[in-house]
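Data file: target-v9.cif. Format and content: mmCIF, C-alpha atoms.
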data_input
#
loop_
_atom_site.label_atom_id
_atom_site.label_comp_id
_atom_site.auth_asym_id
_atom_site.auth_seq_id
_atom_site.Cartn_x
_atom_site.Cartn_y
_atom_site.Cartn_z
CA MET Z 6 -43.35 9.94 -63.61
CA GLU Z 7 -44.60 12.69 -61.33
CA LEU Z 8 -44.89 12.24 -57.60
CA SER Z 9 -48.21 10.87 -56.38
CA LEU Z 10 -49.37 10.91 -52.75
CA ALA Z 11 -52.45 9.26 -51.25
CA THR Z 12 -53.39 8.52 -47.66
CA ARG Z 13 -55.62 5.87 -46.17
CA THR Z 14 -56.19 4.41 -42.74
CA VAL Z 15 -55.31 0.82 -41.90
CA ALA Z 16 -55.73 -0.50 -38.36
CA GLU Z 17 -55.13 2.86 -36.65
CA HIS Z 18 -52.17 3.58 -38.89
CA THR Z 19 -52.12 6.31 -41.48
CA VAL Z 20 -50.66 4.85 -44.64
CA LEU Z 21 -49.13 7.33 -47.07
CA GLU Z 22 -48.83 5.73 -50.47
CA VAL Z 23 -46.03 7.31 -52.48
CA GLY Z 24 -45.64 6.81 -56.20
CA GLY Z 25 -43.41 8.07 -58.99
CA GLU Z 26 -40.11 9.86 -58.55
CA VAL Z 27 -38.97 11.29 -55.23
CA ASP Z 28 -36.07 13.61 -55.94
CA VAL Z 29 -34.73 17.09 -55.22
CA TYR Z 30 -37.66 18.61 -57.16
CA THR Z 31 -40.55 16.56 -55.77
CA ALA Z 32 -39.29 15.80 -52.22
CA PRO Z 33 -40.55 19.14 -50.81
CA ARG Z 34 -44.13 18.02 -51.59
CA LEU Z 35 -43.56 14.77 -49.72
CA ARG Z 36 -42.13 16.76 -46.80
CA GLU Z 37 -45.16 19.07 -46.74
CA ARG Z 38 -47.56 16.13 -46.71
CA LEU Z 39 -45.72 14.38 -43.88
CA VAL Z 40 -45.57 17.59 -41.84
CA GLU Z 41 -49.31 18.08 -42.41
CA LEU Z 42 -50.01 14.58 -41.14
CA VAL Z 43 -47.95 15.02 -37.98
CA ASP Z 44 -49.33 18.50 -37.34
CA SER Z 45 -52.87 17.15 -37.69
CA GLY Z 46 -52.20 14.75 -34.82
CA VAL Z 47 -51.39 11.55 -36.71
CA ARG Z 48 -48.95 9.46 -34.66
CA ASN Z 49 -48.69 6.13 -36.50
CA VAL Z 50 -47.37 6.77 -39.99
CA VAL Z 51 -46.56 4.07 -42.52
CA VAL Z 52 -45.01 5.27 -45.77
CA ASP Z 53 -45.64 2.78 -48.55
CA LEU Z 54 -42.88 3.05 -51.15
CA GLY Z 55 -44.40 0.35 -53.37
CA GLY Z 56 -45.09 2.77 -56.22
CA VAL Z 57 -41.79 4.64 -56.04
CA GLU Z 58 -39.71 4.42 -59.21
CA PHE Z 59 -36.85 6.65 -58.12
CA LEU Z 60 -35.63 7.77 -54.70
CA ASP Z 61 -32.62 9.99 -54.06
CA SER Z 62 -30.83 11.46 -51.04
CA THR Z 63 -33.29 14.35 -50.81
CA GLY Z 64 -36.18 11.91 -50.49
CA LEU Z 65 -34.28 9.90 -47.92
CA GLY Z 66 -33.64 13.10 -45.98
CA VAL Z 67 -37.37 13.86 -45.94
CA LEU Z 68 -38.14 10.39 -44.59
CA VAL Z 69 -35.54 10.76 -41.82
CA GLY Z 70 -36.97 14.19 -40.98
CA ALA Z 71 -40.47 12.74 -40.65
CA MET Z 72 -39.22 9.94 -38.44
CA LYS Z 73 -37.48 12.42 -36.14
CA ARG Z 74 -40.58 14.63 -35.99
CA LEU Z 75 -42.72 11.68 -35.00
CA ARG Z 76 -40.19 10.48 -32.45
CA VAL Z 77 -40.35 13.86 -30.70
CA ALA Z 78 -44.16 13.54 -30.68
CA ASN Z 79 -43.98 9.97 -29.30
CA GLY Z 80 -45.26 8.63 -32.57
CA ARG Z 81 -44.11 5.79 -34.79
CA PHE Z 82 -42.82 5.84 -38.32
CA SER Z 83 -42.20 2.89 -40.59
CA LEU Z 84 -41.66 2.12 -44.24
CA VAL Z 85 -43.08 -0.51 -46.56
CA CYS Z 86 -40.66 -1.52 -49.27
CA SER Z 87 -39.98 -4.75 -51.09
CA LYS Z 88 -38.18 -3.47 -54.19
CA GLU Z 89 -34.59 -4.66 -54.22
CA ALA Z 90 -33.35 -1.51 -55.98
CA LEU Z 91 -34.71 0.66 -53.17
CA LEU Z 92 -33.64 -1.73 -50.41
CA LYS Z 93 -30.10 -1.51 -51.77
CA ILE Z 94 -30.24 2.27 -51.37
CA PHE Z 95 -31.24 1.86 -47.72
CA ARG Z 96 -28.42 -0.63 -47.16
CA ILE Z 97 -25.73 1.50 -48.81
CA THR Z 98 -26.69 4.55 -46.76
CA ALA Z 99 -27.08 2.46 -43.56
CA LEU Z 100 -30.62 3.79 -43.28
CA ASP Z 101 -31.85 0.19 -43.11
CA GLN Z 102 -30.55 0.37 -39.54
CA VAL Z 103 -32.49 3.56 -38.86
CA PHE Z 104 -35.94 2.84 -40.30
CA PRO Z 105 -38.24 -0.05 -39.49
CA ILE Z 106 -38.76 -1.46 -43.00
CA PHE Z 107 -41.52 -3.99 -43.68
CA PRO Z 108 -42.23 -5.99 -46.83
CA THR Z 109 -45.99 -5.41 -46.72
CA ILE Z 110 -48.52 -2.96 -45.28
CA GLU Z 111 -50.01 -5.85 -43.32
CA ALA Z 112 -46.69 -6.50 -41.61
CA ALA Z 113 -46.17 -2.80 -40.86
CA THR Z 114 -49.63 -2.27 -39.40
CA ARG Z 115 -49.58 -5.56 -37.46
CA ASP Z 116 -46.66 -4.21 -35.49
CA SER Z 117 -48.92 -2.49 -32.96
CA ASP Z 118 -46.36 -2.39 -30.14
CA GLY Z 119 -43.59 -1.08 -32.35
CA SER Z 120 -41.18 -3.80 -31.29
CA ALA Z 121 -40.89 -5.87 -34.44
CA ASN Z 122 -38.44 -4.74 -37.08
CA SER Z 123 -38.05 -7.33 -39.76
CA MET O 16 -14.05 15.42 -76.04
CA ALA O 17 -17.56 15.03 -74.69
CA THR O 18 -20.11 13.09 -76.68
CA VAL O 19 -22.93 15.07 -75.15
CA ARG O 20 -22.68 18.22 -73.05
CA LEU O 21 -25.63 19.54 -71.08
CA SER O 22 -25.72 22.79 -69.13
CA PHE O 23 -28.64 23.82 -66.96
CA SER O 24 -29.55 26.59 -64.58
CA PRO O 25 -29.21 25.44 -60.96
CA ALA O 26 -32.86 24.58 -60.39
CA PRO O 27 -34.07 21.25 -58.95
CA VAL O 28 -36.53 20.76 -61.80
CA HIS O 29 -33.67 20.28 -64.28
CA VAL O 30 -31.97 17.47 -62.38
CA ARG O 31 -34.50 15.00 -63.75
CA THR O 32 -33.65 16.11 -67.28
CA ALA O 33 -29.96 15.50 -66.60
CA ARG O 34 -30.77 12.00 -65.28
CA LEU O 35 -32.84 11.17 -68.34
CA VAL O 36 -30.17 12.37 -70.77
CA GLY O 37 -27.40 10.67 -68.80
CA VAL O 38 -29.16 7.32 -68.90
CA ALA O 39 -30.07 7.66 -72.57
CA VAL O 40 -26.43 8.32 -73.50
CA ALA O 41 -25.28 5.48 -71.22
CA ARG O 42 -27.63 3.06 -72.95
CA ARG O 43 -26.43 4.23 -76.34
CA ALA O 44 -22.79 3.91 -75.22
CA GLY O 45 -23.30 0.26 -74.27
CA VAL O 46 -23.47 0.40 -70.48
CA ALA O 47 -25.02 -2.84 -69.23
CA GLU O 48 -28.76 -2.65 -68.68
CA GLU O 49 -28.41 -3.76 -65.05
CA LEU O 50 -26.16 -0.76 -64.31
CA LEU O 51 -28.55 1.87 -65.67
CA ASP O 52 -30.44 2.34 -62.39
CA GLU O 53 -27.13 3.07 -60.70
CA VAL O 54 -26.12 5.47 -63.48
CA ARG O 55 -29.45 7.27 -63.06
CA LEU O 56 -29.07 7.57 -59.32
CA ALA O 57 -25.41 8.63 -59.41
CA ILE O 58 -25.91 11.34 -62.04
CA GLY O 59 -28.92 12.57 -60.09
CA GLU O 60 -26.94 12.74 -56.85
CA ALA O 61 -24.02 14.56 -58.44
CA CYS O 62 -26.36 17.09 -60.08
CA THR O 63 -28.41 17.53 -56.90
CA ARG O 64 -25.21 18.29 -55.02
CA ALA O 65 -24.14 20.84 -57.65
CA VAL O 66 -27.53 22.55 -57.64
CA ALA O 67 -27.54 22.69 -53.83
CA LEU O 68 -24.06 24.26 -53.78
CA HIS O 69 -24.96 26.89 -56.39
CA ASN O 70 -28.08 27.78 -54.46
CA GLN O 71 -26.19 27.86 -51.16
CA TYR O 72 -23.71 30.36 -52.60
CA GLY O 73 -26.27 32.28 -54.66
CA LEU O 74 -24.54 31.38 -57.92
CA PRO O 75 -26.67 31.69 -61.06
CA ASP O 76 -23.99 29.92 -63.15
CA LEU O 77 -24.97 26.87 -65.14
CA VAL O 78 -24.19 23.37 -63.90
CA THR O 79 -22.50 21.33 -66.62
CA VAL O 80 -22.79 17.62 -67.29
CA GLU O 81 -20.40 16.13 -69.83
CA MET O 82 -20.89 12.60 -71.07
CA SER O 83 -18.27 10.74 -73.05
CA ASP O 84 -18.12 7.20 -74.42
CA SER O 85 -14.58 7.10 -75.80
CA ASP O 86 -13.35 3.92 -74.03
CA SER O 87 -15.82 3.67 -71.22
CA TYR O 88 -18.83 5.76 -70.25
CA SER O 89 -17.64 8.73 -68.24
CA VAL O 90 -19.76 11.50 -66.81
CA ARG O 91 -18.40 14.74 -65.38
CA VAL O 92 -20.69 16.97 -63.32
CA ILE O 93 -19.12 20.39 -62.85
CA ASP O 94 -20.14 23.07 -60.37
CA HIS O 95 -18.62 26.48 -59.69
CA ALA O 96 -18.99 26.74 -55.92
CA PRO O 97 -16.00 27.55 -53.68
CA ILE O 98 -13.84 24.50 -53.29
CA GLU O 99 -14.07 24.41 -49.48
CA ALA O 100 -17.72 23.44 -49.88
CA SER O 101 -16.57 20.02 -51.00
CA VAL O 102 -14.72 19.06 -47.83
CA GLY O 103 -16.25 16.85 -45.18
CA LEU O 104 -17.85 14.46 -47.61
CA THR O 105 -17.96 11.36 -45.51
CA LYS O 106 -20.45 8.60 -45.00
CA LEU O 107 -22.43 9.04 -41.81
CA PRO O 108 -22.79 6.16 -39.34
CA PRO O 109 -26.35 5.00 -38.49
CA ASP O 110 -26.44 6.54 -35.01
CA GLU O 111 -25.59 9.95 -36.46
CA LEU O 112 -28.13 9.65 -39.27
CA ALA O 113 -30.99 9.69 -36.79
CA ASP O 114 -29.40 12.20 -34.44
CA GLU O 115 -31.57 15.21 -33.67
CA SER O 116 -28.66 17.64 -34.02
CA LEU O 117 -27.91 16.68 -37.61
CA THR O 118 -29.43 19.23 -39.98
CA ASP O 119 -31.53 18.05 -42.94
CA GLU O 120 -28.96 19.61 -45.25
CA ALA O 121 -26.03 17.76 -43.67
CA LEU O 122 -27.98 14.53 -43.67
CA THR O 123 -28.87 14.81 -47.36
CA THR O 124 -25.27 15.67 -48.25
CA GLY O 125 -23.89 12.73 -46.30
CA VAL O 126 -26.45 10.32 -47.69
CA GLY O 127 -25.88 11.63 -51.20
CA PHE O 128 -22.18 10.90 -51.02
CA ALA O 129 -22.78 7.51 -49.48
CA LEU O 130 -24.89 6.72 -52.55
CA LEU O 131 -22.28 8.03 -54.98
CA ALA O 132 -19.49 6.10 -53.29
CA GLY O 133 -21.67 3.01 -52.98
CA PHE O 134 -22.89 2.91 -56.55
CA VAL O 135 -19.88 4.17 -58.51
CA ASP O 136 -16.75 2.01 -58.46
CA ASP O 137 -14.72 4.60 -60.37
CA LEU O 138 -15.46 7.94 -58.70
CA GLN O 139 -13.28 11.03 -58.46
CA VAL O 140 -14.04 14.38 -56.86
CA ARG O 141 -11.50 17.06 -57.74
CA PRO O 142 -11.17 20.82 -58.22
CA VAL O 143 -11.89 22.19 -61.68
CA GLU O 144 -8.82 23.42 -63.52
CA ASP O 145 -9.95 27.01 -64.03
CA GLY O 146 -11.57 29.06 -61.30
CA PRO O 147 -13.62 27.84 -58.35
CA GLY O 148 -15.59 24.65 -58.56
CA THR O 149 -15.56 20.90 -58.28
CA GLU O 150 -15.80 18.15 -60.82
CA VAL O 151 -17.45 14.85 -59.91
CA ARG O 152 -16.22 12.27 -62.40
CA MET O 153 -17.90 8.88 -62.66
CA VAL O 154 -16.91 6.07 -65.00
CA TRP O 155 -18.77 2.91 -65.98
CA PRO O 156 -17.64 0.08 -68.27
CA VAL O 157 -19.26 -0.38 -71.67
CA GLN O 158 -20.03 -3.73 -73.26
CA ARG O 159 -19.44 -2.90 -76.91
CA ARG O 160 -17.81 -0.30 -79.07
#

In structure tokens, what does this structure look like?
Amino acid sequence: MELSLATRTVAEHTVLEVGGEVDVYTAPRLRERLVELVDSGVRNVVVDLGGVEFLDSTGLGVLVGAMKRLRVANGRFSLVCSKEALLKIFRITALDQVFPIFPTIEAATRDSDGSANS
Amino acid sequence: MATVRLSFSPAPVHVRTARLVGVAVARRAGVAEELLDEVRLAIGEACTRAVALHNQYGLPDLVTVEMSDSDSYSVRVIDHAPIEASVGLTKLPPDELADESLTDEALTTGVGFALLAGFVDDLQVRPVEDGPGTEVRMVWPVQRR
């Protein structure tokens, strides 16, 4: 399935809904979209991976890049993911210790002070 | 002797094709259904690495994927980049993953190998026998013959 990207606003957070396959071919589009968001002044970004069917190292690299970009801009970056197959990827790469990962959008957007990380 | 051999020009768009073929042959070979996601990811990572190396060195040569189901399901992904490109393939610790000085390229390479090592129990990375290049060999058990 092709990559799909859609943004919406939830409680002062910009939620980027990602669907389909994020790989070496499609990841540049995800990177462009995230850069656009940060460049347009967005500072609270939640990437919802609920519709993602495949995620590889290139996609993970794009997510880390966005998190770093937002950190420099004093912004916040978090992920929404509840799929075990994807969570295993984050655990194996140790990126579960790098990203705040939430099970739902509600949990991610409730975290208004950025302290929770469950 | 490979059951299926696939060669593709080193373009990212073809990596998905390699994944699809690799999983289809794995299913046909009798690899357990619950392992197929890992097969998909591992073949994708090995091919992504090969494509990146060919592009880094400006090599137009084809990347080859050989799939064989003789006793188990084995997949060989073969690139033709200089062998020194394969050194330094180590898993990165969490504090380095988020470090500002780490380039996107280095991060993706490190994460890619963490995934390969994490998902493939039987993994070998070795020089090809003729000329420059590296072979990533991955083996999975099959349930029936």

List the neighbours of Ala47 of chain O out to 10 Å using all atoms listed in the file; skip same-chain residues closer than 2 positions along the sequence, and give me the result as a list in words.
Ala41, Arg42, Ala44, Gly45, Glu49, Leu50, Leu51, Trp155, Pro156, Val157, Gln158 and Arg159 of chain O

Find the residues of chain O that sit at most 8 Å from chain Z; for each, write down the nearest two atoms and how far apart they are in Å, to one decimal. Count only C-alpha atoms. Sort by chain, then by number going up, and give it as JSON lines.
{"residue": "O:Pro27", "atom": "CA", "partner": "Z:Tyr30", "partner_atom": "CA", "distance": 4.8}
{"residue": "O:Val28", "atom": "CA", "partner": "Z:Tyr30", "partner_atom": "CA", "distance": 5.2}
{"residue": "O:Val30", "atom": "CA", "partner": "Z:Val29", "partner_atom": "CA", "distance": 7.7}
{"residue": "O:Leu56", "atom": "CA", "partner": "Z:Asp61", "partner_atom": "CA", "distance": 6.8}
{"residue": "O:Gly59", "atom": "CA", "partner": "Z:Asp61", "partner_atom": "CA", "distance": 7.5}
{"residue": "O:Glu60", "atom": "CA", "partner": "Z:Asp61", "partner_atom": "CA", "distance": 6.9}
{"residue": "O:Thr63", "atom": "CA", "partner": "Z:Val29", "partner_atom": "CA", "distance": 6.6}
{"residue": "O:Lys106", "atom": "CA", "partner": "Z:Thr98", "partner_atom": "CA", "distance": 7.6}
{"residue": "O:Leu107", "atom": "CA", "partner": "Z:Thr98", "partner_atom": "CA", "distance": 7.9}
{"residue": "O:Pro108", "atom": "CA", "partner": "Z:Ala99", "partner_atom": "CA", "distance": 7.1}
{"residue": "O:Pro109", "atom": "CA", "partner": "Z:Ala99", "partner_atom": "CA", "distance": 5.7}
{"residue": "O:Asp110", "atom": "CA", "partner": "Z:Val103", "partner_atom": "CA", "distance": 7.8}
{"residue": "O:Leu112", "atom": "CA", "partner": "Z:Val103", "partner_atom": "CA", "distance": 7.5}
{"residue": "O:Ala113", "atom": "CA", "partner": "Z:Val103", "partner_atom": "CA", "distance": 6.6}
{"residue": "O:Glu115", "atom": "CA", "partner": "Z:Lys73", "partner_atom": "CA", "distance": 7.0}
{"residue": "O:Asp119", "atom": "CA", "partner": "Z:Gly66", "partner_atom": "CA", "distance": 6.2}
{"residue": "O:Leu122", "atom": "CA", "partner": "Z:Gly66", "partner_atom": "CA", "distance": 6.3}
{"residue": "O:Thr123", "atom": "CA", "partner": "Z:Gly66", "partner_atom": "CA", "distance": 5.3}
{"residue": "O:Thr124", "atom": "CA", "partner": "Z:Ser62", "partner_atom": "CA", "distance": 7.5}
{"residue": "O:Val126", "atom": "CA", "partner": "Z:Ser62", "partner_atom": "CA", "distance": 5.6}
{"residue": "O:Gly127", "atom": "CA", "partner": "Z:Ser62", "partner_atom": "CA", "distance": 5.0}
{"residue": "O:Ala129", "atom": "CA", "partner": "Z:Thr98", "partner_atom": "CA", "distance": 5.6}
{"residue": "O:Leu130", "atom": "CA", "partner": "Z:Thr98", "partner_atom": "CA", "distance": 6.4}
{"residue": "O:Gly133", "atom": "CA", "partner": "Z:Ile97", "partner_atom": "CA", "distance": 6.0}

Can you give me, as a list of chain:residue names, the residues this file yields under the PyMOL selection byres ((chain Z and resi 20) around 7)?
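Selection result, ordered by chain and number: Z:Thr12, Z:Arg13, Z:Thr14, Z:Val15, Z:His18, Z:Thr19, Z:Leu21, Z:Glu22, Z:Val50, Z:Val51, Z:Val52, Z:Asp53.
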
Protein, DNA and RNA residues within 10 Å of (-47.5, 13.0, -57.5), all atoms listed in the file, as a PyMOL selection string
chain Z and resi 6-11+23-27+31+34-35

Take the residues that were just selected and, keeping C-alpha atoms, output them as a PDB file, keeping the file's coordinate frame.
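New file result_1.pdb:
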ATOM      1  CA  MET Z   6     -43.350   9.940 -63.610  1.00  0.00           C
ATOM      2  CA  GLU Z   7     -44.600  12.690 -61.330  1.00  0.00           C
ATOM      3  CA  LEU Z   8     -44.890  12.240 -57.600  1.00  0.00           C
ATOM      4  CA  SER Z   9     -48.210  10.870 -56.380  1.00  0.00           C
ATOM      5  CA  LEU Z  10     -49.370  10.910 -52.750  1.00  0.00           C
ATOM      6  CA  ALA Z  11     -52.450   9.260 -51.250  1.00  0.00           C
ATOM      7  CA  VAL Z  23     -46.030   7.310 -52.480  1.00  0.00           C
ATOM      8  CA  GLY Z  24     -45.640   6.810 -56.200  1.00  0.00           C
ATOM      9  CA  GLY Z  25     -43.410   8.070 -58.990  1.00  0.00           C
ATOM     10  CA  GLU Z  26     -40.110   9.860 -58.550  1.00  0.00           C
ATOM     11  CA  VAL Z  27     -38.970  11.290 -55.230  1.00  0.00           C
ATOM     12  CA  THR Z  31     -40.550  16.560 -55.770  1.00  0.00           C
ATOM     13  CA  ARG Z  34     -44.130  18.020 -51.590  1.00  0.00           C
ATOM     14  CA  LEU Z  35     -43.560  14.770 -49.720  1.00  0.00           C
TER      15      LEU Z  35
END

Hey, can you check how far atom CA of Glu144 of chain O sits from atom CA of Ala96 of chain O?
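Spanning atom CA of Glu144 of chain O to atom CA of Ala96 of chain O is a straight-line distance of 13.1 Å.
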
Using only C-alpha atoms for the distances, tell me which of O:Glu120, O:Ile93, O:Glu81, O:Val135 is nearest to Val54 of chain O.
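So, comparing all the options, the nearest one is O:Val135.
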
Need the shell around Ser87 of chain Z: protein/DNA/RNA residues with any atom at most 8 Å away, counting only C-alpha atoms. Skip same-chain ones fewer than 6 positions apart. Format as a ChimeraX atom specification?
/Z:55,107-109

One decimal, in Å: what's the spacing between atom CA of Cys62 of chain O and atom CA of Leu39 of chain Z?
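A separation of 25.4 Å between them.
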
Just how far from atom CA of Ala26 of chain O is atom CA of Val78 of chain O, in Å to one decimal?
9.4 Å

Running the PyMOL selection byres ((chain O and resi 84) around 9) on this model by hand, what would come out? Give it as a list of chain:residue names.
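The output of the PyMOL selection byres ((chain O and resi 84) around 9) on this file is O:Ala17, O:Thr18, O:Val40, O:Ala41, O:Ala44, O:Gly45, O:Met82, O:Ser83, O:Ser85, O:Asp86, O:Ser87, O:Tyr88, O:Ser89, O:Val90, O:Val157, O:Arg160.
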
Do you know which residues are at most 10 Å from Gly73 of chain O counting all atoms listed in the file, after dropping those on the same chain fewer than 5 positions away, and could you put them as an MDAnalysis selection string?
chainID O and resid 25 67:68 96

Go ahead and write the selection's residues with C-alpha atoms as a PDB file, in the coordinates of the input.
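part.pdb written:
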ATOM      1  CA  PRO O  25     -29.210  25.440 -60.960  1.00  0.00           C
ATOM      2  CA  ALA O  67     -27.540  22.690 -53.830  1.00  0.00           C
ATOM      3  CA  LEU O  68     -24.060  24.260 -53.780  1.00  0.00           C
ATOM      4  CA  ALA O  96     -18.990  26.740 -55.920  1.00  0.00           C
TER       5      ALA O  96
END

Identify all residues satisfying the PyMOL selection byres ((chain O and resi 151) around 6) in the given file; provide them as a list of chain:residue names.
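The output of the PyMOL selection byres ((chain O and resi 151) around 6) on this file is O:Arg91, O:Val92, O:Gln139, O:Val140, O:Glu150, O:Arg152.
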
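Of the residues under consideration (O:Thr149, O:Ser24, O:Asn70, O:Thr32), O:Thr149 shows the shortest atom-to-atom contact distance to Asp94 of chain O when counting all atoms listed in the file.
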